[in-house]
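Pasting final-v9.cif here (mmCIF, C-alpha atoms):
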data_data
loop_
_atom_site.label_atom_id
_atom_site.label_comp_id
_atom_site.auth_asym_id
_atom_site.auth_seq_id
_atom_site.Cartn_x
_atom_site.Cartn_y
_atom_site.Cartn_z
CA MET A 272 0.00 0.00 0.00
CA LYS A 273 1.07 3.55 -0.69
CA LEU A 274 -0.24 6.42 1.38
CA LYS A 275 -0.30 10.10 0.48
CA SER A 276 -1.74 12.93 2.55
CA GLU A 277 -3.01 16.28 1.34
CA ARG A 278 -4.30 19.22 3.37
CA HIS A 279 -7.55 20.88 2.34
CA GLY A 280 -7.94 23.71 4.85
CA SER A 281 -8.67 22.12 8.23
CA VAL A 282 -9.17 18.68 6.64
CA VAL A 283 -6.51 16.12 5.79
CA VAL A 284 -7.19 13.65 3.00
CA MET A 285 -5.23 10.43 3.33
CA GLY A 286 -5.21 8.60 0.01
CA MET A 287 -4.56 4.87 0.04
CA LYS A 288 -3.30 3.21 -3.15
CA GLY A 289 -2.68 -0.40 -4.17
CA LYS A 290 -3.44 -3.50 -2.13
CA VAL A 291 -4.23 -2.95 1.55
CA MET A 292 -3.51 -6.19 3.36
CA GLY A 293 -2.33 -5.31 6.84
CA GLY A 294 1.11 -6.13 8.23
CA PRO A 295 3.44 -3.22 7.42
CA ASP A 296 0.49 -1.24 5.99
CA ALA A 297 -1.01 -0.84 9.47
CA THR A 298 2.15 0.73 10.88
CA VAL A 299 2.46 3.16 7.96
CA PHE A 300 -1.15 4.30 8.37
CA ARG A 301 -1.05 4.58 12.18
CA ASP A 302 2.17 6.61 12.15
CA GLU A 303 0.91 9.04 9.52
CA LEU A 304 -2.45 9.48 11.25
CA LYS A 305 -0.71 10.13 14.56
CA ASN A 306 1.40 12.84 12.92
CA HIS A 307 -1.75 14.57 11.66
CA LEU A 308 -3.40 14.40 15.08
CA ASP A 309 -0.21 15.73 16.70
CA ASP A 310 -0.43 18.65 14.24
CA GLY A 311 -3.90 19.44 15.57
CA ILE A 312 -5.93 18.00 12.69
CA ARG A 313 -9.29 16.59 13.74
CA LYS A 314 -11.04 16.17 10.38
CA VAL A 315 -9.83 13.19 8.36
CA VAL A 316 -10.99 11.80 5.01
CA ILE A 317 -9.69 8.44 3.80
CA ASP A 318 -9.71 8.37 -0.01
CA LEU A 319 -10.09 4.75 -1.16
CA GLY A 320 -10.54 5.45 -4.88
CA ARG A 321 -7.13 4.07 -5.86
CA VAL A 322 -7.24 0.91 -3.74
CA ASP A 323 -7.00 -2.28 -5.83
CA TRP A 324 -8.41 -4.40 -3.02
CA MET A 325 -8.52 -4.53 0.74
CA ASN A 326 -8.80 -7.48 3.11
CA SER A 327 -10.09 -7.70 6.68
CA SER A 328 -6.76 -6.41 8.01
CA GLY A 329 -7.31 -3.33 5.86
CA LEU A 330 -10.77 -2.92 7.35
CA GLY A 331 -9.12 -3.27 10.76
CA ILE A 332 -6.76 -0.43 9.85
CA LEU A 333 -9.77 1.78 9.03
CA ILE A 334 -11.54 0.86 12.28
CA GLY A 335 -8.38 1.56 14.27
CA GLY A 336 -8.14 4.93 12.55
CA LEU A 337 -11.76 5.75 13.25
CA THR A 338 -11.36 4.89 16.94
CA THR A 339 -8.14 6.91 17.23
CA VAL A 340 -9.64 9.98 15.59
CA LYS A 341 -12.84 9.79 17.66
CA ASN A 342 -10.85 9.42 20.88
CA ALA A 343 -8.99 12.60 19.92
CA GLY A 344 -12.31 14.40 19.52
CA GLY A 345 -12.32 14.32 15.74
CA GLU A 346 -14.19 12.75 12.84
CA MET A 347 -13.13 10.39 10.06
CA LYS A 348 -15.01 9.76 6.82
CA LEU A 349 -14.45 7.45 3.85
CA ALA A 350 -14.50 8.70 0.26
CA ARG A 351 -14.61 6.92 -3.11
CA THR A 352 -15.17 3.44 -1.68
CA THR A 353 -14.85 1.00 -4.58
CA ASP A 354 -17.59 -1.53 -5.32
CA LYS A 355 -15.45 -4.29 -3.79
CA ILE A 356 -14.79 -2.36 -0.59
CA GLN A 357 -18.44 -1.39 -0.37
CA SER A 358 -19.41 -5.06 -0.62
CA LEU A 359 -16.96 -5.91 2.19
CA LEU A 360 -18.49 -3.15 4.33
CA MET A 361 -21.91 -4.70 3.67
CA ILE A 362 -20.79 -8.27 4.44
CA THR A 363 -19.18 -7.20 7.71
CA LYS A 364 -21.97 -4.72 8.59
CA LEU A 365 -19.35 -2.00 8.88
CA VAL A 366 -21.65 0.19 6.78
CA GLN A 367 -23.20 0.92 10.17
CA VAL A 368 -19.90 2.27 11.45
CA PHE A 369 -18.45 4.38 8.63
CA SER A 370 -19.76 7.46 6.86
CA THR A 371 -19.04 7.00 3.15
CA TYR A 372 -19.14 9.54 0.31
CA GLU A 373 -18.91 9.19 -3.45
CA THR A 374 -16.30 11.93 -3.80
CA VAL A 375 -13.55 13.46 -1.69
CA GLU A 376 -15.20 16.85 -2.12
CA ALA A 377 -18.49 15.54 -0.72
CA ALA A 378 -16.70 14.05 2.27
CA ILE A 379 -14.91 17.33 2.97
CA ALA A 380 -18.14 19.31 2.62
CA ALA A 381 -19.89 16.98 5.06
CA PHE A 382 -17.71 18.22 7.93
CA SER A 383 -19.38 21.62 7.84
CA GLU A 384 -22.95 20.30 7.74
CA MET B 219 1.04 -22.18 -16.49
CA SER B 220 1.52 -25.20 -14.23
CA ASP B 221 -1.35 -27.25 -12.85
CA GLU B 222 0.19 -26.95 -9.40
CA GLY B 223 2.07 -24.24 -7.57
CA LYS B 224 3.67 -24.45 -4.14
CA LEU B 225 5.20 -21.80 -1.91
CA ILE B 226 6.44 -22.11 1.65
CA VAL B 227 6.95 -18.94 3.69
CA PRO B 228 7.89 -18.17 7.30
CA SER B 229 5.31 -16.66 9.66
CA ASP B 230 5.97 -13.05 8.74
CA LEU B 231 3.16 -10.77 7.52
CA ALA B 232 5.68 -9.01 5.30
CA LYS B 233 5.55 -12.20 3.18
CA LEU B 234 1.92 -11.52 2.19
CA GLU B 235 3.02 -9.56 -0.86
CA GLU B 236 5.22 -12.45 -2.02
CA VAL B 237 2.32 -14.90 -1.64
CA ASP B 238 0.02 -12.53 -3.53
CA GLY B 239 2.47 -12.13 -6.39
CA PHE B 240 3.09 -15.87 -6.58
CA ALA B 241 -0.63 -16.66 -6.86
CA GLU B 242 -1.23 -13.83 -9.33
CA ASN B 243 1.47 -15.18 -11.65
CA TRP B 244 0.23 -18.74 -11.28
CA MET B 245 -3.32 -17.74 -12.26
CA ASN B 246 -2.13 -15.81 -15.29
CA GLY B 247 -4.13 -16.89 -18.33
CA MET B 248 -6.87 -18.61 -16.37
CA PRO B 249 -10.44 -17.60 -17.29
CA PHE B 250 -11.21 -15.60 -14.15
CA THR B 251 -12.69 -12.12 -14.24
CA LYS B 252 -10.92 -9.21 -12.53
CA ASP B 253 -13.54 -9.40 -9.77
CA GLN B 254 -12.90 -13.11 -9.24
CA ARG B 255 -9.13 -12.57 -9.17
CA ASP B 256 -9.65 -9.96 -6.45
CA ASP B 257 -11.87 -12.39 -4.53
CA ILE B 258 -9.11 -15.00 -4.69
CA ALA B 259 -6.35 -12.55 -3.75
CA ILE B 260 -8.32 -11.20 -0.79
CA SER B 261 -9.23 -14.70 0.42
CA LEU B 262 -5.68 -16.01 0.06
CA SER B 263 -4.36 -13.07 2.08
CA GLU B 264 -6.99 -13.78 4.74
CA VAL B 265 -6.12 -17.45 5.21
CA VAL B 266 -2.36 -16.84 5.11
CA THR B 267 -2.75 -14.05 7.69
CA ASN B 268 -4.83 -16.43 9.79
CA ALA B 269 -2.18 -19.16 9.50
CA ILE B 270 0.58 -16.75 10.53
CA GLU B 271 -1.18 -14.93 13.36
CA HIS B 272 -3.38 -17.66 14.83
CA GLY B 273 -2.19 -21.04 13.53
CA ASN B 274 1.51 -20.37 13.97
CA ALA B 275 1.02 -17.72 16.68
CA GLY B 276 3.40 -15.40 14.85
CA ILE B 277 6.39 -17.67 15.53
CA VAL B 278 8.52 -16.80 12.53
CA ASP B 279 10.27 -20.19 12.37
CA LYS B 280 6.94 -21.94 11.85
CA MET B 281 6.12 -22.19 8.18
CA VAL B 282 3.01 -21.64 6.11
CA THR B 283 2.59 -23.83 3.04
CA VAL B 284 0.51 -22.55 0.13
CA VAL B 285 -0.51 -25.04 -2.57
CA LEU B 286 -2.39 -23.92 -5.67
CA LEU B 287 -4.15 -26.61 -7.69
CA ARG B 288 -5.92 -26.47 -11.01
CA ILE B 289 -9.06 -28.58 -10.69
CA GLU B 290 -11.97 -29.32 -13.00
CA GLY B 291 -13.71 -26.01 -13.63
CA GLY B 292 -11.62 -23.88 -11.29
CA ILE B 293 -8.84 -23.84 -8.72
CA ARG B 294 -8.29 -25.06 -5.18
CA ILE B 295 -6.01 -23.29 -2.71
CA GLU B 296 -4.66 -25.15 0.32
CA VAL B 297 -2.98 -23.22 3.13
CA THR B 298 -1.44 -25.28 5.92
CA ASP B 299 0.11 -23.99 9.14
CA GLN B 300 2.22 -25.70 11.79
CA GLY B 301 0.14 -24.58 14.74
CA GLY B 302 -1.75 -26.29 17.47
CA GLY B 303 -5.14 -26.30 15.82
CA PHE B 304 -7.81 -23.80 15.01
CA ASN B 305 -11.53 -24.10 15.71
CA PRO B 306 -13.51 -21.69 13.53
CA ALA B 307 -16.57 -22.30 15.70
CA LEU B 308 -14.83 -20.42 18.51
CA VAL B 309 -14.42 -17.23 16.48
CA ALA B 310 -16.76 -14.55 17.81
CA ASP B 311 -19.41 -13.26 15.39
CA PRO B 312 -17.78 -10.10 13.96
CA THR B 313 -21.19 -8.71 12.94
CA ASP B 314 -22.48 -8.77 16.52
CA PRO B 315 -22.95 -5.11 17.57
CA GLU B 316 -20.58 -5.71 20.48
CA ASN B 317 -17.80 -6.70 18.07
CA LEU B 318 -18.33 -4.18 15.27
CA LEU B 319 -15.45 -1.96 16.38
CA SER B 320 -13.05 -4.85 16.83
CA GLU B 321 -10.04 -4.47 14.53
CA SER B 322 -9.86 -8.19 13.70
CA GLY B 323 -11.94 -11.36 13.43
CA ARG B 324 -13.58 -10.81 10.02
CA GLY B 325 -11.31 -12.89 7.80
CA LEU B 326 -13.26 -16.14 7.62
CA LEU B 327 -16.58 -14.30 7.26
CA ILE B 328 -15.23 -12.55 4.18
CA VAL B 329 -13.66 -15.72 2.75
CA HIS B 330 -16.97 -17.57 3.04
CA HIS B 331 -18.64 -14.82 1.00
CA LEU B 332 -15.97 -14.57 -1.69
CA MET B 333 -15.11 -18.23 -2.34
CA ASP B 334 -17.27 -21.09 -3.59
CA GLU B 335 -16.05 -23.62 -1.02
CA VAL B 336 -14.23 -23.25 2.29
CA ASP B 337 -13.06 -26.21 4.33
CA VAL B 338 -11.07 -26.19 7.60
CA GLU B 339 -9.50 -29.47 8.69
CA PRO B 340 -6.87 -30.59 11.17
CA VAL B 341 -3.82 -32.29 9.62
CA SER B 342 -0.78 -33.93 11.21
CA THR B 343 1.27 -30.72 10.98
CA GLY B 344 -1.40 -28.22 12.05
CA THR B 345 -4.50 -26.89 10.31
CA ARG B 346 -5.31 -26.79 6.60
CA ILE B 347 -7.79 -24.40 5.06
CA SER B 348 -8.92 -25.28 1.54
CA LEU B 349 -10.61 -22.78 -0.77
CA VAL B 350 -12.26 -23.44 -4.12
CA LYS B 351 -13.07 -20.84 -6.77
CA ARG B 352 -14.83 -21.93 -9.93
CA PHE B 353 -14.71 -20.36 -13.33
CA THR B 354 -18.10 -18.99 -14.26
CA ALA B 355 -19.90 -20.13 -17.42
CA SER B 356 -19.52 -16.70 -18.99
CA ASN B 357 -15.73 -16.74 -18.89
CA THR B 358 -14.94 -20.35 -19.72
CA GLY B 359 -15.96 -19.88 -23.33
#
Give the structure from the file, written as structure tokens.
Amino acid sequence: MKLKSERHGSVVVMGMKGKVMGGPDATVFRDELKNHLDDGIRKVVIDLGRVDWMNSSGLGILIGGLTTVKNAGGEMKLARTTDKIQSLLMITKLVQVFSTYETVEAAIAAFSE
Amino acid sequence: MSDEGKLIVPSDLAKLEEVDGFAENWMNGMPFTKDQRDDIAISLSEVVTNAIEHGNAGIVDKMVTVVLLRIEGGIRIEVTDQGGGFNPALVADPTDPENLLSESGRGLLIVHHLMDEVDVEPVSTGTRISLVKRFTASNTG
């Protein structure tokens, strides 16, 4: 997995790319998220549009991120979930846990609603 | 393309990429759709992760054996660990509201949805999980 972060005002968009399968991916994500929280960011969008596929460890990374951000008093949203990821969210009932948006822009805009 | 592929890796999650690449190359030319290939890749990563973390308890010297077999109308994947046994019935329901925020425990649930057959059996060396994925009528010509 590759991870790239971009600031959009008070929001950080963390874009995942490639195959998200846990192991080293989890450490990369946790460390980057912690850096953003340490910088005072409390609005996080995870852009999944360039993810080839994700397994349950990848879902675990997202849940860990959601918990971490919430515990810091912030919010985390998912953008551009692929059909495959959306089906995994349905199978695991994690659709009840995550807020998902079709575009990054829609996810960013949702913070101000 | 060989009718059988075999790869043995130590219990290190960093080896997941190697396993994924090995299976991807082995399946090259087989009549699977992109969606089916993703189903197989996800499921293989799930059972290898399970073998490393639970079967072999993360002990790096314990090995995970991956066997890929071409069978009539599809493929079978066999992943064997060297652990002390694994009872899938003891895995907590990950869709129970109490477990929804757990960071793990969803692997087998996903595999059961993505593969056509899933079988867990004890063997002399540990536990073997077998997965079958069939070609669909539309892509077998």
Using the chain letters and numbers from this file, what does the PyMOL selection byres ((chain A and resi 351-362) around 8) select? Give the answer as a list in words.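 Expected selection for the PyMOL selection byres ((chain A and resi 351-362) around 8) here is Asp318, Leu319, Gly320, Val322, Trp324, Met325, Leu349, Ala350, Thr363, Lys364, Leu365, Val366, Thr371, Tyr372, Glu373, Thr374 and Val375 of chain A; Leu327, Ile328 and His331 of chain B.
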On this structure, which residues satisfy the PyMOL selection byres ((chain A) within 6 of (chain B)), written as an MDAnalysis selection string? chainID A and resid 294 326:327 331 334 363:364
Expressed in Å to a single decimal, how great is the separation between CA of Ile289 (chain B) and CA of Ile347 (chain B)?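 For CA of Ile289 (chain B) relative to CA of Ile347 (chain B), the distance reads 16.3 Å.
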CA of Asn274 (chain B) to CA of Lys224 (chain B): how many Å, to one decimal?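 Spanning CA of Asn274 (chain B) to CA of Lys224 (chain B) is a straight-line distance of 18.7 Å.
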Would you mind listing what lies within 8 Å of Val282 (chain A) as a ChimeraX atom specification, with all atoms listed in the file counted and same-chain residues fewer than 6 positions away left out? /A:312-316,379
Please report the interatomic distance between CA of Met272 (chain A) and CA of Asp310 (chain A) in Å with one decimal.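 Distance reported for this atom pair: 23.5 Å.
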Please provide the set of residues having any atom within 7 Å of Lys275 (chain A), restricted to all atoms listed in the file, with same-chain residues fewer than 4 positions apart removed, written as a PDB file with C-alpha atoms, in the coordinates of the input.
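Result file follows (part33.pdb):
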ATOM      1  CA  MET A 285      -5.230  10.430   3.330  1.00  0.00           C
ATOM      2  CA  GLY A 286      -5.210   8.600   0.010  1.00  0.00           C
ATOM      3  CA  MET A 287      -4.560   4.870   0.040  1.00  0.00           C
TER       4      MET A 287
END
Report, as JSON, the axis-aligned box around all atoms of region 264-277 of chain B present in the file, extended by 3 Å on each side; give centre and edge lengths in Å to one decimal place.
{"center_x": -0.3, "center_y": -17.4, "center_z": 10.7, "size_x": 19.4, "size_y": 13.3, "size_z": 17.9}
To test your reading of the syntax: which residues would the PyMOL selection byres ((chain B and resi 345) around 12) return for the file shown? Reply as a PyMOL selection string. chain B and resi 265-266+268-270+272-274+281-283+296-306+337-344+346-348
Kindly indicate which residue among A:Ala380, A:Leu308, A:Val283, A:Val368 lies nearest to Leu337 (chain A), using all atoms listed in the file for the distances.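 Closest to Leu337 (chain A), using all atoms listed in the file: A:Val368.
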Give me the residues within 10 Å of Arg301 (chain A) as a list of chain:residue names, counting all atoms listed in the file and dropping any in the same chain fewer than 5 places off.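 Surrounding residues, per the criterion: A:Asp296, A:Asn306, A:Ile332, A:Leu333, A:Gly335, A:Gly336, A:Thr339.
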File output for region 344-368 of chain A (N, CA and C atoms) as a PDB file, in the first residue's frame:
ATOM      1  N   GLY A 344     -11.276  13.375  19.670  1.00  0.00           N
ATOM      2  CA  GLY A 344     -12.311  14.403  19.524  1.00  0.00           C
ATOM      3  C   GLY A 344     -12.583  14.802  18.092  1.00  0.00           C
ATOM      4  N   GLY A 345     -12.140  13.975  17.143  1.00  0.00           N
ATOM      5  CA  GLY A 345     -12.322  14.319  15.740  1.00  0.00           C
ATOM      6  C   GLY A 345     -13.291  13.414  15.015  1.00  0.00           C
ATOM      7  N   GLU A 346     -13.303  13.555  13.684  1.00  0.00           N
ATOM      8  CA  GLU A 346     -14.190  12.750  12.838  1.00  0.00           C
ATOM      9  C   GLU A 346     -13.394  12.188  11.666  1.00  0.00           C
ATOM     10  N   MET A 347     -13.766  10.988  11.231  1.00  0.00           N
ATOM     11  CA  MET A 347     -13.125  10.386  10.063  1.00  0.00           C
ATOM     12  C   MET A 347     -14.195   9.878   9.101  1.00  0.00           C
ATOM     13  N   LYS A 348     -14.038  10.192   7.830  1.00  0.00           N
ATOM     14  CA  LYS A 348     -15.012   9.764   6.816  1.00  0.00           C
ATOM     15  C   LYS A 348     -14.278   9.039   5.691  1.00  0.00           C
ATOM     16  N   LEU A 349     -15.023   8.180   4.984  1.00  0.00           N
ATOM     17  CA  LEU A 349     -14.450   7.452   3.849  1.00  0.00           C
ATOM     18  C   LEU A 349     -14.975   8.053   2.551  1.00  0.00           C
ATOM     19  N   ALA A 350     -14.091   8.179   1.570  1.00  0.00           N
ATOM     20  CA  ALA A 350     -14.505   8.697   0.255  1.00  0.00           C
ATOM     21  C   ALA A 350     -14.098   7.727  -0.840  1.00  0.00           C
ATOM     22  N   ARG A 351     -14.896   7.709  -1.911  1.00  0.00           N
ATOM     23  CA  ARG A 351     -14.612   6.916  -3.112  1.00  0.00           C
ATOM     24  C   ARG A 351     -14.396   5.429  -2.774  1.00  0.00           C
ATOM     25  N   THR A 352     -15.263   4.875  -1.948  1.00  0.00           N
ATOM     26  CA  THR A 352     -15.174   3.440  -1.676  1.00  0.00           C
ATOM     27  C   THR A 352     -15.486   2.688  -2.977  1.00  0.00           C
ATOM     28  N   THR A 353     -14.623   1.790  -3.357  1.00  0.00           N
ATOM     29  CA  THR A 353     -14.847   1.004  -4.582  1.00  0.00           C
ATOM     30  C   THR A 353     -15.996   0.022  -4.354  1.00  0.00           C
ATOM     31  N   ASP A 354     -16.503  -0.552  -5.455  1.00  0.00           N
ATOM     32  CA  ASP A 354     -17.595  -1.533  -5.320  1.00  0.00           C
ATOM     33  C   ASP A 354     -17.178  -2.692  -4.421  1.00  0.00           C
ATOM     34  N   LYS A 355     -15.923  -3.130  -4.585  1.00  0.00           N
ATOM     35  CA  LYS A 355     -15.451  -4.288  -3.791  1.00  0.00           C
ATOM     36  C   LYS A 355     -15.390  -3.939  -2.300  1.00  0.00           C
ATOM     37  N   ILE A 356     -14.865  -2.763  -1.998  1.00  0.00           N
ATOM     38  CA  ILE A 356     -14.788  -2.360  -0.587  1.00  0.00           C
ATOM     39  C   ILE A 356     -16.191  -2.170  -0.024  1.00  0.00           C
ATOM     40  N   GLN A 357     -17.065  -1.586  -0.832  1.00  0.00           N
ATOM     41  CA  GLN A 357     -18.440  -1.387  -0.368  1.00  0.00           C
ATOM     42  C   GLN A 357     -19.098  -2.733  -0.057  1.00  0.00           C
ATOM     43  N   SER A 358     -18.823  -3.744  -0.889  1.00  0.00           N
ATOM     44  CA  SER A 358     -19.406  -5.064  -0.616  1.00  0.00           C
ATOM     45  C   SER A 358     -18.833  -5.655   0.668  1.00  0.00           C
ATOM     46  N   LEU A 359     -17.552  -5.416   0.928  1.00  0.00           N
ATOM     47  CA  LEU A 359     -16.962  -5.910   2.188  1.00  0.00           C
ATOM     48  C   LEU A 359     -17.583  -5.196   3.391  1.00  0.00           C
ATOM     49  N   LEU A 360     -17.846  -3.896   3.238  1.00  0.00           N
ATOM     50  CA  LEU A 360     -18.491  -3.146   4.334  1.00  0.00           C
ATOM     51  C   LEU A 360     -19.898  -3.691   4.599  1.00  0.00           C
ATOM     52  N   MET A 361     -20.569  -4.128   3.516  1.00  0.00           N
ATOM     53  CA  MET A 361     -21.912  -4.697   3.674  1.00  0.00           C
ATOM     54  C   MET A 361     -21.833  -6.054   4.379  1.00  0.00           C
ATOM     55  N   ILE A 362     -20.930  -6.925   3.882  1.00  0.00           N
ATOM     56  CA  ILE A 362     -20.785  -8.272   4.442  1.00  0.00           C
ATOM     57  C   ILE A 362     -20.503  -8.204   5.938  1.00  0.00           C
ATOM     58  N   THR A 363     -19.631  -7.281   6.312  1.00  0.00           N
ATOM     59  CA  THR A 363     -19.181  -7.200   7.707  1.00  0.00           C
ATOM     60  C   THR A 363     -20.061  -6.277   8.565  1.00  0.00           C
ATOM     61  N   LYS A 364     -21.069  -5.676   7.925  1.00  0.00           N
ATOM     62  CA  LYS A 364     -21.966  -4.723   8.594  1.00  0.00           C
ATOM     63  C   LYS A 364     -21.253  -3.449   9.054  1.00  0.00           C
ATOM     64  N   LEU A 365     -20.068  -3.225   8.515  1.00  0.00           N
ATOM     65  CA  LEU A 365     -19.348  -2.001   8.876  1.00  0.00           C
ATOM     66  C   LEU A 365     -19.932  -0.764   8.209  1.00  0.00           C
ATOM     67  N   VAL A 366     -20.925  -0.970   7.331  1.00  0.00           N
ATOM     68  CA  VAL A 366     -21.646   0.190   6.783  1.00  0.00           C
ATOM     69  C   VAL A 366     -22.327   0.961   7.902  1.00  0.00           C
ATOM     70  N   GLN A 367     -22.568   0.260   9.017  1.00  0.00           N
ATOM     71  CA  GLN A 367     -23.201   0.921  10.167  1.00  0.00           C
ATOM     72  C   GLN A 367     -22.217   1.811  10.925  1.00  0.00           C
ATOM     73  N   VAL A 368     -20.933   1.601  10.662  1.00  0.00           N
ATOM     74  CA  VAL A 368     -19.896   2.271  11.452  1.00  0.00           C
ATOM     75  C   VAL A 368     -19.308   3.482  10.720  1.00  0.00           C
TER      76      VAL A 368
END
